[in-house]
file my_file20.txt (compact mmCIF, C-alpha atoms)
# COMPACT_ATOMS: atom_id res chain seq x y z
CA MET L 26 79.35 83.44 86.33
CA THR L 27 81.12 81.88 89.30
CA TRP L 28 83.47 83.98 91.44
CA ALA L 29 85.88 82.95 94.18
CA VAL L 30 87.84 85.04 96.69
CA CYS L 31 91.29 83.70 97.61
CA ILE L 32 93.07 84.79 100.79
CA LEU L 33 96.57 83.85 101.92
CA ASN L 34 97.40 83.48 105.61
CA TRP L 35 100.81 83.18 107.22
CA ASN L 36 100.78 83.66 111.00
CA GLY L 37 98.13 86.33 110.56
CA ARG L 38 95.34 84.75 112.59
CA GLU L 39 93.66 87.93 113.81
CA ASP L 40 93.99 89.71 110.47
CA THR L 41 92.53 86.78 108.55
CA VAL L 42 89.61 86.25 110.91
CA ARG L 43 88.87 90.00 110.72
CA CYS L 44 89.11 89.96 106.92
CA LEU L 45 86.75 86.99 106.67
CA ALA L 46 84.27 88.72 108.96
CA ALA L 47 84.30 91.77 106.67
CA LEU L 48 84.03 89.53 103.63
CA SER L 49 80.86 87.97 105.04
CA GLY L 50 79.21 91.38 104.58
CA VAL L 51 80.11 91.62 100.89
CA ARG L 52 77.07 91.40 98.64
CA GLY L 53 76.88 88.71 95.96
CA GLU L 54 77.53 85.00 95.60
CA PHE L 55 81.10 83.74 95.75
CA ALA L 56 83.22 80.96 97.20
CA THR L 57 85.96 81.72 99.72
CA VAL L 58 89.26 79.84 99.74
CA VAL L 59 91.94 80.44 102.37
CA ALA L 60 95.43 79.01 101.93
CA ASP L 61 97.53 78.77 105.09
CA ASN L 62 101.31 78.82 104.61
CA GLY L 63 102.32 76.61 107.52
CA SER L 64 101.33 79.03 110.29
CA SER L 65 102.42 78.34 113.87
CA ASP L 66 100.01 80.75 115.60
CA GLY L 67 96.89 78.58 115.61
CA SER L 68 95.50 80.23 112.50
CA ALA L 69 93.95 77.11 110.99
CA ALA L 70 91.97 76.22 114.11
CA ALA L 71 90.83 79.83 114.59
CA ILE L 72 89.67 80.13 110.97
CA ARG L 73 87.75 76.84 111.15
CA ALA L 74 86.10 77.85 114.42
CA ALA L 75 85.08 81.35 113.29
CA HIS L 76 84.28 80.57 109.63
CA PRO L 77 83.50 76.86 109.16
CA ASP L 78 82.07 77.48 105.68
CA VAL L 79 85.44 78.63 104.31
CA ASP L 80 87.45 76.22 102.16
CA LEU L 81 90.74 76.07 104.09
CA ILE L 82 93.89 74.66 102.49
CA GLU L 83 96.83 73.88 104.77
CA ASN L 84 99.99 74.11 102.68
CA GLY L 85 102.15 72.88 105.56
CA ALA L 86 105.03 75.24 104.75
CA ASN L 87 105.69 78.83 103.77
CA LEU L 88 105.35 78.70 99.98
CA GLY L 89 105.63 82.46 99.65
CA TYR L 90 103.00 84.83 98.32
CA SER L 91 103.02 83.26 94.87
CA GLY L 92 103.04 79.61 95.86
CA GLY L 93 100.58 80.05 98.70
CA ASN L 94 98.09 81.97 96.60
CA ASN L 95 98.49 79.59 93.69
CA ALA L 96 97.27 76.74 95.91
CA ALA L 97 94.07 78.71 96.59
CA LEU L 98 93.71 79.74 92.95
CA ARG L 99 94.02 76.15 91.74
CA ARG L 100 91.36 75.00 94.23
CA ALA L 101 89.00 77.76 93.10
CA LEU L 102 89.54 76.96 89.42
CA ASP L 103 89.10 73.23 90.05
CA ASN L 104 85.75 74.06 91.67
CA GLY L 105 84.59 75.89 88.57
CA ALA L 106 85.39 79.55 89.24
CA GLU L 107 85.42 81.74 86.13
CA TRP L 108 86.86 84.72 88.03
CA VAL L 109 89.24 84.51 90.98
CA MET L 110 90.03 87.40 93.26
CA LEU L 111 93.10 87.87 95.42
CA LEU L 112 92.42 89.69 98.67
CA ASN L 113 95.11 90.34 101.27
CA ASN L 114 94.29 89.09 104.74
CA ASP L 115 95.11 92.56 106.12
CA ALA L 116 92.45 94.17 103.91
CA GLU L 117 88.81 94.77 104.81
CA PRO L 118 86.56 94.92 101.75
CA GLU L 119 83.56 97.22 101.45
CA PRO L 120 80.13 95.58 100.93
CA GLY L 121 79.85 96.56 97.25
CA MET L 122 83.30 95.35 96.22
CA LEU L 123 82.23 92.19 94.38
CA GLU L 124 79.24 93.83 92.71
CA ALA L 125 81.56 96.50 91.33
CA LEU L 126 83.92 93.91 89.90
CA GLN L 127 81.10 91.87 88.39
CA ALA L 128 79.64 94.97 86.75
CA ALA L 129 83.07 95.85 85.37
CA ALA L 130 83.41 92.36 83.88
CA ALA L 131 80.17 92.94 81.97
CA ARG L 132 81.37 96.35 80.74
CA HIS L 133 84.85 95.18 79.75
CA PRO L 134 84.61 91.77 78.07
CA GLY L 135 88.17 92.12 76.76
CA ALA L 136 89.70 92.55 80.21
CA GLY L 137 91.58 89.77 81.96
CA VAL L 138 92.42 91.52 85.21
CA PHE L 139 90.66 94.13 87.35
CA ALA L 140 92.38 96.24 89.98
CA GLY L 141 90.45 97.54 92.98
CA LYS L 142 91.07 100.71 95.00
CA LEU L 143 92.95 100.45 98.29
CA LEU L 144 92.50 102.97 101.07
CA PHE L 145 94.35 103.67 104.27
CA GLU L 146 92.26 103.16 107.40
CA ASP L 147 91.72 106.92 107.67
CA GLY L 148 90.15 106.98 104.18
CA ARG L 149 93.09 108.43 102.27
CA VAL L 150 94.04 106.77 99.00
CA GLN L 151 96.70 104.11 99.17
CA TRP L 152 96.46 102.76 95.60
CA ALA L 153 94.33 103.96 92.68
CA GLY L 154 96.22 102.63 89.69
CA GLN L 155 99.89 102.70 88.77
CA ARG L 156 102.15 102.83 85.78
CA VAL L 157 105.00 100.35 85.23
CA ALA L 158 108.24 101.96 84.09
CA LEU L 159 110.19 99.00 82.76
CA LEU L 160 112.80 101.15 81.06
CA THR L 161 114.13 102.61 84.31
CA GLY L 162 112.79 100.14 86.86
CA TYR L 163 111.29 102.92 88.98
CA SER L 164 107.54 103.33 88.67
CA GLY L 165 107.01 105.91 91.40
CA ARG L 166 104.26 105.92 93.98
CA PRO L 167 100.79 104.66 93.11
CA ARG L 168 98.32 107.18 91.78
CA GLY L 169 96.72 109.18 94.59
CA HIS L 170 98.93 107.74 97.32
CA GLY L 171 98.34 109.57 100.61
CA ARG L 172 95.78 111.98 99.17
CA PRO L 173 92.12 112.39 100.15
CA ASP L 174 89.83 110.19 98.09
CA GLY L 175 87.76 112.08 95.54
CA PHE L 176 86.60 112.39 91.96
CA ALA L 177 90.10 112.25 90.50
CA TYR L 178 90.44 108.69 91.81
CA ALA L 179 86.90 107.59 90.95
CA VAL L 180 87.31 107.20 87.19
CA GLU L 181 87.34 103.69 85.80
CA GLY L 182 89.95 102.99 83.14
CA ARG L 183 93.10 101.27 82.05
CA THR L 184 96.07 100.84 84.35
CA ASP L 185 99.47 99.26 83.72
CA ARG L 186 99.16 96.78 86.59
CA ALA L 187 96.95 95.53 89.38
CA VAL L 188 98.05 95.10 92.97
CA GLY L 189 97.82 91.70 94.65
CA ALA L 190 96.03 93.03 97.73
CA LEU L 191 92.84 93.42 95.66
CA MET L 192 92.74 92.11 92.11
CA ALA L 193 90.45 89.86 90.08
CA VAL L 194 91.66 87.63 87.24
CA SER L 195 89.64 85.63 84.74
CA ARG L 196 90.01 81.95 83.97
CA THR L 197 90.69 82.97 80.38
CA ALA L 198 93.62 85.10 81.52
CA ILE L 199 95.05 82.23 83.58
CA ASP L 200 94.63 79.81 80.68
CA ARG L 201 96.66 82.17 78.50
CA ALA L 202 99.22 83.58 80.93
CA GLY L 203 99.43 81.05 83.76
CA LEU L 204 99.36 81.61 87.51
CA LEU L 205 101.66 83.69 89.71
CA ASP L 206 105.37 83.03 89.20
CA GLU L 207 106.50 80.97 92.17
CA ASP L 208 110.17 81.67 91.46
CA LEU L 209 109.58 85.28 92.51
CA PHE L 210 108.27 83.99 95.89
CA ALA L 211 107.06 87.38 97.16
CA TYR L 212 106.79 90.98 95.94
CA VAL L 213 106.54 92.25 92.33
CA GLU L 214 104.78 89.01 91.34
CA ASP L 215 101.55 90.96 90.81
CA VAL L 216 103.35 93.31 88.40
CA ASP L 217 104.72 90.34 86.48
CA TRP L 218 101.29 88.68 86.38
CA SER L 219 99.59 91.84 85.14
CA LEU L 220 102.19 92.27 82.40
CA ARG L 221 101.89 88.64 81.28
CA ILE L 222 98.12 88.93 81.09
CA ARG L 223 98.38 92.12 79.06
CA ALA L 224 100.95 90.48 76.76
CA ALA L 225 98.40 87.70 76.22
CA GLY L 226 96.05 90.28 74.70
CA LEU L 227 93.76 91.00 77.65
CA GLY L 228 93.17 94.34 79.33
CA CYS L 229 93.98 95.53 82.85
CA VAL L 230 91.30 97.89 84.22
CA PHE L 231 91.16 99.94 87.41
CA VAL L 232 87.72 99.66 89.08
CA PRO L 233 87.50 102.42 91.72
CA ALA L 234 84.12 101.23 93.05
CA ALA L 235 85.76 97.98 94.25
CA ARG L 236 87.27 99.22 97.51
CA ALA L 237 89.00 97.89 100.58
CA ALA L 238 90.85 99.37 103.56
CA HIS L 239 94.37 97.96 103.71
CA ARG L 240 96.78 97.99 106.65
CA LEU L 241 99.77 97.47 104.28
CA SER L 242 102.30 94.67 104.72
CA ALA L 243 100.88 93.50 108.02
CA ALA L 244 102.33 90.03 107.41
CA THR L 245 105.87 91.44 107.51
CA GLY L 246 105.36 93.91 110.32
CA GLY L 247 104.47 96.94 108.26
CA ALA L 248 106.16 98.57 105.29
CA ALA L 249 109.36 99.21 107.26
CA GLY L 250 109.18 96.14 109.45
CA SER L 251 111.22 93.60 107.51
CA THR L 252 114.32 93.43 105.34
CA HIS L 253 112.43 90.90 103.19
CA THR L 254 110.53 93.77 101.61
CA VAL L 255 113.63 95.44 100.21
CA TYR L 256 115.42 92.17 99.43
CA TYR L 257 112.61 90.77 97.28
CA GLY L 258 111.72 94.21 95.95
CA ALA L 259 115.22 94.85 94.59
CA ARG L 260 115.76 91.32 93.31
CA ASN L 261 112.39 90.88 91.66
CA THR L 262 112.26 94.37 90.16
CA ILE L 263 115.45 93.60 88.25
CA VAL L 264 114.18 90.17 87.20
CA VAL L 265 110.76 91.40 86.04
CA CYS L 266 112.17 94.39 84.15
CA GLU L 267 114.66 92.22 82.31
CA ARG L 268 111.99 89.65 81.56
CA HIS L 269 109.52 92.11 80.05
CA ARG L 270 111.80 94.83 78.63
CA PRO L 271 115.16 93.40 77.60
CA LEU L 272 117.84 95.96 76.78
CA GLY L 273 121.34 95.78 75.38
CA ALA L 274 124.35 95.33 77.63
CA ALA L 275 124.79 99.04 78.34
CA GLY L 276 121.08 99.65 78.94
CA THR L 277 120.80 96.62 81.22
CA ALA L 278 123.77 97.75 83.30
CA ALA L 279 122.35 101.28 83.60
CA ARG L 280 118.92 100.03 84.64
CA ARG L 281 120.41 97.66 87.20
CA ALA L 282 122.43 100.51 88.66
CA ALA L 283 119.34 102.74 88.83
CA ILE L 284 117.30 100.06 90.60
CA LEU L 285 120.11 99.36 93.06
CA ALA L 286 120.54 103.06 93.79
CA ALA L 287 116.82 103.58 94.39
CA PHE L 288 116.54 100.68 96.82
CA LEU L 289 119.77 101.58 98.62
CA ALA L 290 118.51 105.14 99.06
CA HIS L 291 115.25 103.87 100.52
CA ALA L 292 117.01 101.42 102.85
CA GLY L 293 119.62 103.92 104.01
CA LEU L 294 117.77 107.22 104.05
CA VAL L 295 114.16 106.21 104.77
CA LEU L 296 114.47 102.97 106.74
CA ARG L 297 117.87 104.00 108.15
CA SER L 298 118.80 100.38 108.58
CA ARG L 299 122.15 98.72 107.91
CA GLN L 300 120.35 95.40 107.73
CA ALA L 301 118.06 96.75 105.03
CA VAL L 302 121.04 98.08 103.04
CA ALA L 303 122.67 94.64 103.26
CA ALA L 304 119.39 93.00 102.17
CA VAL L 305 119.22 95.23 99.07
CA ARG L 306 122.77 94.26 98.13
CA ASP L 307 121.92 90.58 98.64
CA GLY L 308 118.84 90.93 96.44
CA TYR L 309 120.87 92.68 93.74
CA ARG L 310 123.53 89.96 93.74
CA ASP L 311 120.93 87.19 93.65
CA ALA L 312 119.12 88.81 90.73
CA LEU L 313 122.32 88.98 88.71
CA ALA L 314 123.18 85.38 89.62
CA GLY L 315 119.69 84.13 88.78
CA ARG L 316 119.09 82.89 92.32
CA LEU L 317 115.32 83.03 92.77
CA GLY L 318 112.79 81.39 95.10
CA GLU L 319 112.83 81.89 98.85
CA ARG L 320 115.53 84.13 100.31
call {"tool": "encode", "arguments": {"input": "my_file20.txt", "output": "structure tokens"}}
result
Amino acid sequence: MTWAVCILNWNGREDTVRCLAALSGVRGEFATVVADNGSSDGSAAAIRAAHPDVDLIENGANLGYSGGNNAALRRALDNGAEWVMLLNNDAEPEPGMLEALQAAAARHPGAGVFAGKLLFEDGRVQWAGQRVALLTGYSGRPRGHGRPDGFAYAVEGRTDRAVGALMAVSRTAIDRAGLLDEDLFAYVEDVDWSLRIRAAGLGCVFVPAARAAHRLSAATGGAAGSTHTVYYGARNTIVVCERHRPLGAAGTAARRAAILAAFLAHAGLVLRSRQAVAAVRDGYRDALAGRLGER
């Protein structure tokens, strides 16, 4: 069975070169496809020089997380991949990552998507599965977030969604559910994809033995480094919830208010940024107006 690893780069030259170096130590046979979203930092030349065996696609523009990754996914599928894996360029996979995913595919023939475990650089858990609360729009923190890794986060099993920093999807799942939604552009697209794959009758399984250290939102300057995070988060959370769990008029209004309140609280109380508060309001308005794509 043919596997391919797809990595998106946007002005992340050092991160991507580092990720590819770590990927070269991963055991197993797989193709590597890197899609560059019109970087201006010399990424393409650096990737070619350091890793000439990598299949590099130059998109020529910032197509967002969804559009950029879809270019890599299409190339991998055209080249015969039966499983494609998304790996963030700011993640460093452990050597046994692919073997763990391949073994899981043999154990779970009805699965269409596998979610790996993400760790902070100090070894604490960053992501070990997560529920999706479509009714309220607030799913809470990922399972194990910030806690020491241990047995509680080493059990393989079902999860509501995978996270785009480390997830594997089958060709069968893509044939049934399609690729990432490019209208979402960035953020929450992995939730939407997981839900579409599950709605197509295929399982979503957390594979704790597939591990990577993740520096978290390095492309946008860290979790608190960009108003894009809260803009797309608020907008796309509303869109995805309404797409997958439609409610009546009163329920929809209540859920929208809850999502807006949660993001405003984060922007105002955690980020303490007027710009972030304004970005949340912009995202809310655009969601209600149906304005999607790039901000």
call {"tool": "atom_distance", "arguments": {"input": "my_file20.txt", "atom1": "atom CA of Phe288 of chain L", "atom2": "atom CA of Ala153 of chain L"}}
result
22.8 Å
call {"tool": "residues_around", "arguments": {"input": "my_file20.txt", "residues": "segment 53-59 of chain L", "least_positions_apart": "5", "cutoff": "8 Å", "atoms": "only C-alpha atoms", "output": "JSON, numbers by chain"}}
result
{"L": [27, 28, 29, 30, 31, 32, 33, 34, 79, 80, 81, 82, 97, 100, 101, 123, 124]}
call {"tool": "residues_around", "arguments": {"input": "my_file20.txt", "residues": "segment 172-185 of chain L", "least_positions_apart": "2", "cutoff": "7 Å", "atoms": "only C-alpha atoms", "output": "list of chain:residue names"}}
result
L:Gly148, L:Arg149, L:Val150, L:Ala153, L:Gly154, L:Gln155, L:Arg156, L:Val157, L:Gly169, L:His170, L:Cys229, L:Val230, L:Phe231, L:Val232, L:Pro233
call {"tool": "closest_atom_pairs", "arguments": {"input": "my_file20.txt", "of": "segment 205-232 of chain L", "to": "segment 312-318 of chain L", "cutoff": "6 Å", "atoms": "all atoms listed in the file", "output": "tab-separated table"}}
result
residue	atom	partner	partner_atom	distance
L:Asp208	CA	L:Gly318	CA	4.5
L:Leu209	CA	L:Gly318	CA	5.7
L:Phe210	CA	L:Gly318	CA	5.3
call {"tool": "residues_around", "arguments": {"input": "my_file20.txt", "residues": "segment 134-144 of chain L", "least_positions_apart": "3", "cutoff": "8 Å", "atoms": "all atoms listed in the file", "output": "VMD selection string"}}
result
chain L and resid 126 130 to 131 147 to 154 186 to 188 191 to 195 197 to 198 219 222 to 223 227 to 239
call {"tool": "residues_near_point", "arguments": {"input": "my_file20.txt", "point": "(106.1, 76.7, 102.6)", "cutoff": "12 Å", "atoms": "only C-alpha atoms", "output": "PDB file with C-alpha atoms, keeping the file's coordinate frame"}}
result
ATOM      1  CA  LEU L  33      96.570  83.850 101.920  1.00  0.00           C
ATOM      2  CA  ASN L  34      97.400  83.480 105.610  1.00  0.00           C
ATOM      3  CA  TRP L  35     100.810  83.180 107.220  1.00  0.00           C
ATOM      4  CA  ALA L  60      95.430  79.010 101.930  1.00  0.00           C
ATOM      5  CA  ASP L  61      97.530  78.770 105.090  1.00  0.00           C
ATOM      6  CA  ASN L  62     101.310  78.820 104.610  1.00  0.00           C
ATOM      7  CA  GLY L  63     102.320  76.610 107.520  1.00  0.00           C
ATOM      8  CA  SER L  64     101.330  79.030 110.290  1.00  0.00           C
ATOM      9  CA  SER L  65     102.420  78.340 113.870  1.00  0.00           C
ATOM     10  CA  GLU L  83      96.830  73.880 104.770  1.00  0.00           C
ATOM     11  CA  ASN L  84      99.990  74.110 102.680  1.00  0.00           C
ATOM     12  CA  GLY L  85     102.150  72.880 105.560  1.00  0.00           C
ATOM     13  CA  ALA L  86     105.030  75.240 104.750  1.00  0.00           C
ATOM     14  CA  ASN L  87     105.690  78.830 103.770  1.00  0.00           C
ATOM     15  CA  LEU L  88     105.350  78.700  99.980  1.00  0.00           C
ATOM     16  CA  GLY L  89     105.630  82.460  99.650  1.00  0.00           C
ATOM     17  CA  TYR L  90     103.000  84.830  98.320  1.00  0.00           C
ATOM     18  CA  SER L  91     103.020  83.260  94.870  1.00  0.00           C
ATOM     19  CA  GLY L  92     103.040  79.610  95.860  1.00  0.00           C
ATOM     20  CA  GLY L  93     100.580  80.050  98.700  1.00  0.00           C
ATOM     21  CA  ASN L  94      98.090  81.970  96.600  1.00  0.00           C
ATOM     22  CA  ALA L  96      97.270  76.740  95.910  1.00  0.00           C
ATOM     23  CA  GLU L 207     106.500  80.970  92.170  1.00  0.00           C
ATOM     24  CA  PHE L 210     108.270  83.990  95.890  1.00  0.00           C
ATOM     25  CA  GLY L 318     112.790  81.390  95.100  1.00  0.00           C
ATOM     26  CA  GLU L 319     112.830  81.890  98.850  1.00  0.00           C
TER      27      GLU L 319
END
